[in-house]
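Peer 1: structure16.tsv is the file, holding TSV, C-alpha atoms and all ligand atoms:
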chain	number	residue	atom	x	y	z
A	1	MET	CA	50.78	139.49	-27.77
A	2	GLN	CA	51.16	142.77	-29.60
A	3	LEU	CA	54.70	144.11	-29.80
A	4	SER	CA	53.56	147.37	-28.16
A	5	ASP	CA	52.14	145.39	-25.20
A	6	ALA	CA	55.55	143.84	-24.59
A	7	ILE	CA	57.41	147.12	-25.07
A	8	ASN	CA	55.10	148.97	-22.69
A	9	GLY	CA	54.43	146.17	-20.24
A	10	ARG	CA	57.94	144.84	-19.56
A	11	ARG	CA	59.26	145.95	-16.16
A	12	ALA	CA	62.37	145.21	-14.13
A	13	VAL	CA	61.23	142.39	-11.84
A	14	ARG	CA	62.92	142.09	-8.43
A	15	ASP	CA	60.71	139.54	-6.69
A	16	TYR	CA	60.75	135.95	-7.98
A	17	ALA	CA	59.11	132.64	-7.18
A	18	ALA	CA	61.59	129.80	-6.62
A	19	GLU	CA	60.01	127.82	-9.49
A	20	PRO	CA	62.74	126.95	-12.02
A	21	VAL	CA	62.74	128.25	-15.60
A	22	HIS	CA	62.68	125.31	-17.99
A	23	GLU	CA	65.51	124.77	-20.43
A	24	GLU	CA	63.15	125.02	-23.46
A	25	SER	CA	61.99	128.40	-22.23
A	26	ILE	CA	65.58	129.62	-21.78
A	27	ARG	CA	66.41	128.39	-25.29
A	28	ARG	CA	63.45	130.36	-26.70
A	29	LEU	CA	64.69	133.51	-24.96
A	30	ILE	CA	68.15	133.01	-26.41
A	31	ASP	CA	66.63	132.38	-29.86
A	32	ALA	CA	64.90	135.76	-29.55
A	33	ALA	CA	68.13	137.41	-28.36
A	34	ILE	CA	70.09	136.27	-31.40
A	35	GLN	CA	67.57	137.86	-33.75
A	36	ALA	CA	68.93	141.26	-32.66
A	37	PRO	CA	70.83	143.31	-35.21
A	38	SER	CA	74.59	143.45	-34.80
A	39	ALA	CA	77.31	145.58	-36.34
A	40	VAL	CA	78.58	144.05	-39.58
A	41	ASN	CA	76.40	141.07	-38.62
A	42	GLU	CA	79.20	139.91	-36.30
A	43	GLN	CA	76.73	138.31	-33.84
A	44	PRO	CA	79.44	138.54	-31.17
A	45	TRP	CA	77.24	137.29	-28.32
A	46	ALA	CA	77.70	134.19	-26.20
A	47	PHE	CA	75.34	133.08	-23.47
A	48	THR	CA	76.07	131.63	-20.04
A	49	VAL	CA	73.09	130.22	-18.16
A	50	VAL	CA	73.48	129.92	-14.39
A	51	ARG	CA	70.78	128.13	-12.43
A	52	ASP	CA	72.89	126.96	-9.48
A	53	GLN	CA	71.79	129.13	-6.56
A	54	ALA	CA	75.01	128.47	-4.64
A	55	VAL	CA	76.98	129.93	-7.57
A	56	LEU	CA	74.67	132.95	-7.75
A	57	ASP	CA	75.06	133.51	-4.00
A	58	ARG	CA	78.84	133.38	-4.31
A	59	VAL	CA	78.94	135.72	-7.30
A	60	SER	CA	76.56	138.12	-5.56
A	61	ALA	CA	78.77	138.29	-2.45
A	62	ALA	CA	81.94	138.76	-4.50
A	63	ALA	CA	80.33	141.36	-6.80
A	64	LYS	CA	79.11	143.35	-3.79
A	65	ALA	CA	82.58	143.30	-2.21
A	66	HIS	CA	84.14	144.33	-5.54
A	67	MET	CA	81.72	147.23	-5.97
A	68	LEU	CA	82.18	148.42	-2.38
A	69	ALA	CA	85.96	148.44	-2.88
A	70	THR	CA	85.78	150.38	-6.15
A	71	LEU	CA	82.84	152.80	-5.75
A	72	PRO	CA	83.90	156.33	-6.61
A	73	PRO	CA	82.97	159.07	-4.12
A	74	GLY	CA	79.79	161.11	-4.68
A	75	GLY	CA	76.97	160.61	-7.14
A	76	ARG	CA	74.79	157.62	-6.37
A	77	SER	CA	77.60	155.85	-4.51
A	78	GLU	CA	76.16	156.49	-1.03
A	79	HIS	CA	72.82	154.95	-2.01
A	80	PHE	CA	74.65	151.98	-3.55
A	81	ARG	CA	76.89	151.64	-0.48
A	82	THR	CA	73.88	151.34	1.85
A	83	LEU	CA	72.39	148.66	-0.37
A	84	LEU	CA	75.64	146.75	-0.84
A	85	ASP	CA	76.45	146.87	2.90
A	86	ASP	CA	73.21	145.00	3.63
A	87	ALA	CA	74.21	141.35	4.15
A	88	ASP	CA	70.68	140.23	3.20
A	89	PHE	CA	70.78	141.94	-0.22
A	90	GLN	CA	71.42	139.41	-2.99
A	91	ILE	CA	72.06	141.31	-6.22
A	92	PHE	CA	70.22	138.62	-8.26
A	93	TYR	CA	67.11	138.83	-6.06
A	94	HIS	CA	67.23	135.00	-5.74
A	95	ALA	CA	65.94	134.69	-9.31
A	96	PRO	CA	66.00	131.07	-10.49
A	97	ALA	CA	68.22	131.82	-13.50
A	98	LEU	CA	70.83	134.25	-14.73
A	99	ILE	CA	71.52	134.55	-18.45
A	100	LEU	CA	74.78	136.40	-18.98
A	101	ILE	CA	75.34	137.80	-22.47
A	102	SER	CA	79.03	138.28	-23.21
A	103	GLY	CA	80.92	139.60	-26.19
A	104	ALA	CA	82.93	136.72	-27.60
A	105	ALA	CA	84.38	138.28	-30.75
A	106	ASP	CA	86.90	140.96	-31.56
A	107	SER	CA	84.46	143.74	-32.42
A	108	ALA	CA	84.24	147.45	-31.58
A	109	TRP	CA	80.47	147.18	-31.02
A	110	ILE	CA	80.23	144.40	-28.48
A	111	ALA	CA	78.38	146.51	-25.91
A	112	GLU	CA	75.80	147.73	-28.43
A	113	ASP	CA	75.24	144.28	-29.94
A	114	CYS	CA	74.90	142.50	-26.59
A	115	ALA	CA	72.57	145.22	-25.25
A	116	LEU	CA	70.30	144.82	-28.28
A	117	ALA	CA	70.28	141.05	-27.72
A	118	ALA	CA	69.46	141.68	-24.06
A	119	GLU	CA	66.40	143.81	-24.85
A	120	ASN	CA	65.11	141.15	-27.26
A	121	LEU	CA	65.63	138.56	-24.52
A	122	MET	CA	63.79	140.65	-21.91
A	123	LEU	CA	60.85	141.33	-24.25
A	124	ALA	CA	60.66	137.63	-25.12
A	125	ALA	CA	60.69	136.80	-21.40
A	126	TYR	CA	57.75	139.14	-20.89
A	127	GLY	CA	55.98	137.44	-23.78
A	128	GLU	CA	56.41	134.10	-21.96
A	129	GLY	CA	55.01	135.50	-18.71
A	130	LEU	CA	58.48	135.66	-17.16
A	131	GLY	CA	60.06	138.60	-15.35
A	132	SER	CA	63.57	139.82	-16.04
A	133	CYS	CA	66.04	142.45	-14.88
A	134	TRP	CA	69.46	143.56	-16.08
A	135	ILE	CA	71.85	143.34	-13.11
A	136	GLY	CA	74.45	146.04	-13.66
A	137	PHE	CA	75.78	145.43	-10.13
A	138	ALA	CA	77.32	142.20	-11.43
A	139	GLN	CA	79.10	143.67	-14.44
A	140	ALA	CA	82.32	145.06	-12.99
A	141	TYR	CA	83.05	141.89	-11.03
A	142	LEU	CA	82.21	139.57	-13.91
A	143	ASN	CA	84.72	141.47	-16.03
A	144	THR	CA	87.55	140.64	-13.64
A	145	ASP	CA	89.66	137.50	-14.08
A	146	GLU	CA	88.21	136.17	-10.83
A	147	GLY	CA	84.64	136.88	-11.96
A	148	LYS	CA	85.19	135.11	-15.29
A	149	ARG	CA	86.67	132.13	-13.45
A	150	ALA	CA	83.66	132.04	-11.11
A	151	LEU	CA	81.40	131.31	-14.11
A	152	GLY	CA	83.96	129.37	-16.14
A	153	LEU	CA	84.07	132.01	-18.90
A	154	PRO	CA	86.94	132.08	-21.39
A	155	ALA	CA	89.40	134.83	-20.46
A	156	ASP	CA	88.80	136.79	-23.68
A	157	TRP	CA	85.00	137.04	-23.28
A	158	LYS	CA	83.62	140.42	-22.24
A	159	PRO	CA	80.54	140.09	-20.01
A	160	VAL	CA	78.03	142.80	-20.97
A	161	ALA	CA	74.49	141.94	-19.91
A	162	PRO	CA	73.71	139.85	-16.83
A	163	ILE	CA	69.94	139.26	-17.08
A	164	ILE	CA	67.99	137.46	-14.39
A	165	VAL	CA	64.78	135.68	-15.36
A	166	GLY	CA	62.06	133.88	-13.50
A	167	GLN	CA	58.42	133.72	-12.60
A	168	PRO	CA	57.45	137.03	-10.96
A	169	ARG	CA	56.07	136.53	-7.45
A	170	THR	CA	54.45	139.96	-7.40
A	171	PRO	CA	53.73	142.24	-10.37
A	172	ALA	CA	56.39	144.93	-10.78
A	173	PRO	CA	55.02	148.44	-10.26
A	174	PRO	CA	54.81	150.86	-13.20
A	175	VAL	CA	57.89	153.01	-13.64
A	176	PRO	CA	57.15	156.50	-14.96
A	177	ARG	CA	59.09	157.83	-17.90
A	178	LYS	CA	60.38	161.37	-18.33
A	179	PRO	CA	59.01	163.07	-21.41
A	180	PRO	CA	61.54	162.56	-24.19
A	181	GLU	CA	63.61	165.53	-25.25
A	182	ILE	CA	63.10	165.76	-28.99
A	183	ARG	CA	64.74	168.24	-31.31
A	184	TRP	CA	63.42	168.30	-34.82
A	185	VAL	CA	65.89	169.35	-37.43
A	186	GLY	CA	64.03	170.22	-40.60
A	201	LIG	C1	72.42	148.70	-17.77
A	201	LIG	C2	71.39	148.44	-16.70
A	201	LIG	C3	71.81	148.08	-15.43
A	201	LIG	C4	70.86	147.81	-14.44
A	201	LIG	N1	71.31	147.35	-13.23
A	201	LIG	C5	70.40	147.03	-12.27
A	201	LIG	C6	70.84	146.44	-11.05
A	201	LIG	O1	72.02	146.20	-10.81
A	201	LIG	N2	69.90	146.15	-10.13
A	201	LIG	C7	68.55	146.38	-10.35
A	201	LIG	O2	67.76	146.09	-9.48
A	201	LIG	N3	68.12	146.92	-11.52
A	201	LIG	C8	68.99	147.23	-12.49
A	201	LIG	N4	68.57	147.71	-13.70
A	201	LIG	C9	67.13	147.88	-13.94
A	201	LIG	C10	66.75	149.38	-13.95
A	201	LIG	O3	66.82	149.87	-12.63
A	201	LIG	C11	65.33	149.51	-14.54
A	201	LIG	O4	65.35	149.08	-15.88
A	201	LIG	C12	64.84	150.96	-14.48
A	201	LIG	O5	64.63	151.35	-13.14
A	201	LIG	C13	63.55	151.17	-15.26
A	201	LIG	O6	62.55	150.28	-14.80
A	201	LIG	P1	61.82	149.28	-15.82
A	201	LIG	O7	62.87	148.37	-16.39
A	201	LIG	O8	60.82	148.55	-14.96
A	201	LIG	O9	61.17	150.10	-16.88
A	201	LIG	C14	69.48	147.97	-14.71
A	201	LIG	C15	69.07	148.33	-15.99
A	201	LIG	C16	70.00	148.55	-16.98
A	201	LIG	C17	69.52	148.90	-18.38
What does this structure look like when you write it as structure tokens?
Peer 2:
Amino acid sequence: MQLSDAINGRRAVRDYAAEPVHEESIRRLIDAAIQAPSAVNEQPWAFTVVRDQAVLDRVSAAAKAHMLATLPPGGRSEHFRTLLDDADFQIFYHAPALILISGAADSAWIAEDCALAAENLMLAAYGEGLGSCWIGFAQAYLNTDEGKRALGLPADWKPVAPIIVGQPRTPAPPVPRKPPEIRWVG
């Protein structure tokens, strides 16, 4: 696959087949993730793979409750509230696997480094015929003590990128892009 095909073809997938993602496949995605650049080559990332659906259900319910309790007024909050109030909405879309990328080093660039690793991972997933989606709804909860305990994370890890992966059940629709604002200096 051409790099441009992956860059242009990857979409956030929100509809998954129950079919599990094999361990070798997950290891290949993580191998792609760790090829990302990182500030001062710190490679601060650590990966937590969750395939237990009961755990994902529990984390989804707790993350929804956490978000509902902490949503600020205004902005997109009302849209989020409607979604989060829906008992049938599982924030991980019942994907067969969650790969959480956390910062596990004392670095000022943990968010940047883990996000770069996440994009590599999502492009590699696309290259394997898998769908993926970053689940920001999980982030605030996973950064609480309770959220870290729920996944058995060390207390000093900083969860950055919860990425679900799995076999897409239906192709994700194209998502239009705004034209980029570009200012040329010189
Ligand atoms: C930081 C971040 C957080 C996101 N959180 C969610 C989320 O909680 N739930 C969800 O369905 N999609 C989430 N997404 C996916 C975006 O909605 C999606 O990338 C965007 O709509 C563009 O679509 P595309 O990825 O198909 O190009 C998130 C994406 C990013 C980068």
Peer 1: Just checking: using all atoms listed in the file, which residue out of A:Gly186, A:Gly103, A:Gly129, A:Pro176 ends up closest to Pro162 in chain A?
Peer 2: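 The shortest atom-to-atom distance to Pro162 in chain A comes from A:Gly103.
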Peer 1: Ligand LIG 201 (chain A): which residues are within 12 Å, counting all atoms listed in the file, as an mmCIF file with C-alpha atoms, in the frame of the given file?
Peer 2:
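What follows is the written file out.cif:
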data_model
loop_
_atom_site.group_PDB
_atom_site.id
_atom_site.type_symbol
_atom_site.label_atom_id
_atom_site.label_comp_id
_atom_site.auth_asym_id
_atom_site.auth_seq_id
_atom_site.Cartn_x
_atom_site.Cartn_y
_atom_site.Cartn_z
ATOM 1 C CA ALA A 6 55.550 143.840 -24.590
ATOM 2 C CA ILE A 7 57.410 147.120 -25.070
ATOM 3 C CA ASN A 8 55.100 148.970 -22.690
ATOM 4 C CA GLY A 9 54.430 146.170 -20.240
ATOM 5 C CA ARG A 10 57.940 144.840 -19.560
ATOM 6 C CA ARG A 11 59.260 145.950 -16.160
ATOM 7 C CA ALA A 12 62.370 145.210 -14.130
ATOM 8 C CA VAL A 13 61.230 142.390 -11.840
ATOM 9 C CA ARG A 14 62.920 142.090 -8.430
ATOM 10 C CA ASP A 15 60.710 139.540 -6.690
ATOM 11 C CA SER A 60 76.560 138.120 -5.560
ATOM 12 C CA ALA A 63 80.330 141.360 -6.800
ATOM 13 C CA LYS A 64 79.110 143.350 -3.790
ATOM 14 C CA MET A 67 81.720 147.230 -5.970
ATOM 15 C CA PHE A 80 74.650 151.980 -3.550
ATOM 16 C CA LEU A 83 72.390 148.660 -0.370
ATOM 17 C CA LEU A 84 75.640 146.750 -0.840
ATOM 18 C CA PHE A 89 70.780 141.940 -0.220
ATOM 19 C CA GLN A 90 71.420 139.410 -2.990
ATOM 20 C CA ILE A 91 72.060 141.310 -6.220
ATOM 21 C CA PHE A 92 70.220 138.620 -8.260
ATOM 22 C CA TYR A 93 67.110 138.830 -6.060
ATOM 23 C CA HIS A 94 67.230 135.000 -5.740
ATOM 24 C CA ALA A 95 65.940 134.690 -9.310
ATOM 25 C CA ALA A 111 78.380 146.510 -25.910
ATOM 26 C CA GLU A 112 75.800 147.730 -28.430
ATOM 27 C CA CYS A 114 74.900 142.500 -26.590
ATOM 28 C CA ALA A 115 72.570 145.220 -25.250
ATOM 29 C CA LEU A 116 70.300 144.820 -28.280
ATOM 30 C CA ALA A 118 69.460 141.680 -24.060
ATOM 31 C CA GLU A 119 66.400 143.810 -24.850
ATOM 32 C CA MET A 122 63.790 140.650 -21.910
ATOM 33 C CA LEU A 123 60.850 141.330 -24.250
ATOM 34 C CA TYR A 126 57.750 139.140 -20.890
ATOM 35 C CA GLY A 131 60.060 138.600 -15.350
ATOM 36 C CA SER A 132 63.570 139.820 -16.040
ATOM 37 C CA CYS A 133 66.040 142.450 -14.880
ATOM 38 C CA TRP A 134 69.460 143.560 -16.080
ATOM 39 C CA ILE A 135 71.850 143.340 -13.110
ATOM 40 C CA GLY A 136 74.450 146.040 -13.660
ATOM 41 C CA PHE A 137 75.780 145.430 -10.130
ATOM 42 C CA ALA A 138 77.320 142.200 -11.430
ATOM 43 C CA GLN A 139 79.100 143.670 -14.440
ATOM 44 C CA ALA A 140 82.320 145.060 -12.990
ATOM 45 C CA TYR A 141 83.050 141.890 -11.030
ATOM 46 C CA VAL A 160 78.030 142.800 -20.970
ATOM 47 C CA ALA A 161 74.490 141.940 -19.910
ATOM 48 C CA PRO A 162 73.710 139.850 -16.830
ATOM 49 C CA ILE A 163 69.940 139.260 -17.080
ATOM 50 C CA ILE A 164 67.990 137.460 -14.390
ATOM 51 C CA PRO A 171 53.730 142.240 -10.370
ATOM 52 C CA ALA A 172 56.390 144.930 -10.780
ATOM 53 C CA PRO A 173 55.020 148.440 -10.260
ATOM 54 C CA PRO A 174 54.810 150.860 -13.200
ATOM 55 C CA VAL A 175 57.890 153.010 -13.640
ATOM 56 C CA PRO A 176 57.150 156.500 -14.960
ATOM 57 C CA ARG A 177 59.090 157.830 -17.900
ATOM 58 C CA LYS A 178 60.380 161.370 -18.330
#
Peer 1: Could you jot down the CA of Leu56 in chain A to CA of Thr82 in chain A separation for me, Å, one decimal place?
Peer 2: 20.8 Å
Peer 1: Between CA of Leu151 in chain A and CA of Pro96 in chain A, what distance in Å does the model show, to one decimal?
Peer 2: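 These two atoms are separated by 15.8 Å.
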Peer 1: So the first atom is CA of Val40 in chain A and the second is CA of Thr144 in chain A; what is the distance between them in Å, to one decimal place?
Peer 2: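 Spanning CA of Val40 in chain A to CA of Thr144 in chain A is a straight-line distance of 27.7 Å.
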Peer 1: I need the residue nearest Lys148 in chain A from this list: A:Glu78, A:Asn41, A:Met1, A:Ala62. Use all atoms listed in the file for the distance.
Peer 2: A:Ala62
Peer 1: Counting all atoms listed in the file, figure out which residue out of A:Gly152, A:Ala105, A:Ala69, A:Val185 gets nearest to Ala46 in chain A.
Peer 2: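 Comparing A:Gly152, A:Ala105, A:Ala69, A:Val185 against Ala46 in chain A, the winner is A:Ala105.
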Peer 1: In terms of the shortest atom-to-atom distance over all atoms listed in the file, which of A:Ala124, A:Leu100, A:Ser107, A:Val59 is closest to Glu146 in chain A?
Peer 2: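 Checking each candidate against Glu146 in chain A, we get A:Val59 as the closest.
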Peer 1: Taking only C-alpha atoms into account, name the residue in A:Asp88, A:Glu128, A:Asp5, A:Asp106 that is nearest to Gln167 in chain A.
Peer 2: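 The closest residue to Gln167 in chain A is A:Glu128.
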Peer 1: Given the choices A:Pro159, A:Pro179, A:Pro20, A:Gly166, which gets closest to Asp145 in chain A if the distance is worked out from all atoms listed in the file?
Peer 2: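 Under the stated criterion, the closest residue is A:Pro159.
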Peer 1: Please define a box with edges along x, y and z of the file around all atoms of range 53-72 of chain A given in the file, extend it by 4 Å on each side, and return its centre and edge lengths in Å to one decimal, as lines of an AutoDock Vina configuration file.
Peer 2:
center_x = 78.9
center_y = 142.4
center_z = -5.0
size_x = 22.2
size_y = 35.9
size_z = 13.5
Peer 1: Please provide the set of residues having any atom within 10 Å of Gln35 in chain A, restricted to only C-alpha atoms, with same-chain residues fewer than 6 positions apart removed, written as number ranges by chain.
Peer 2: A: 43, 116-117, 120-121
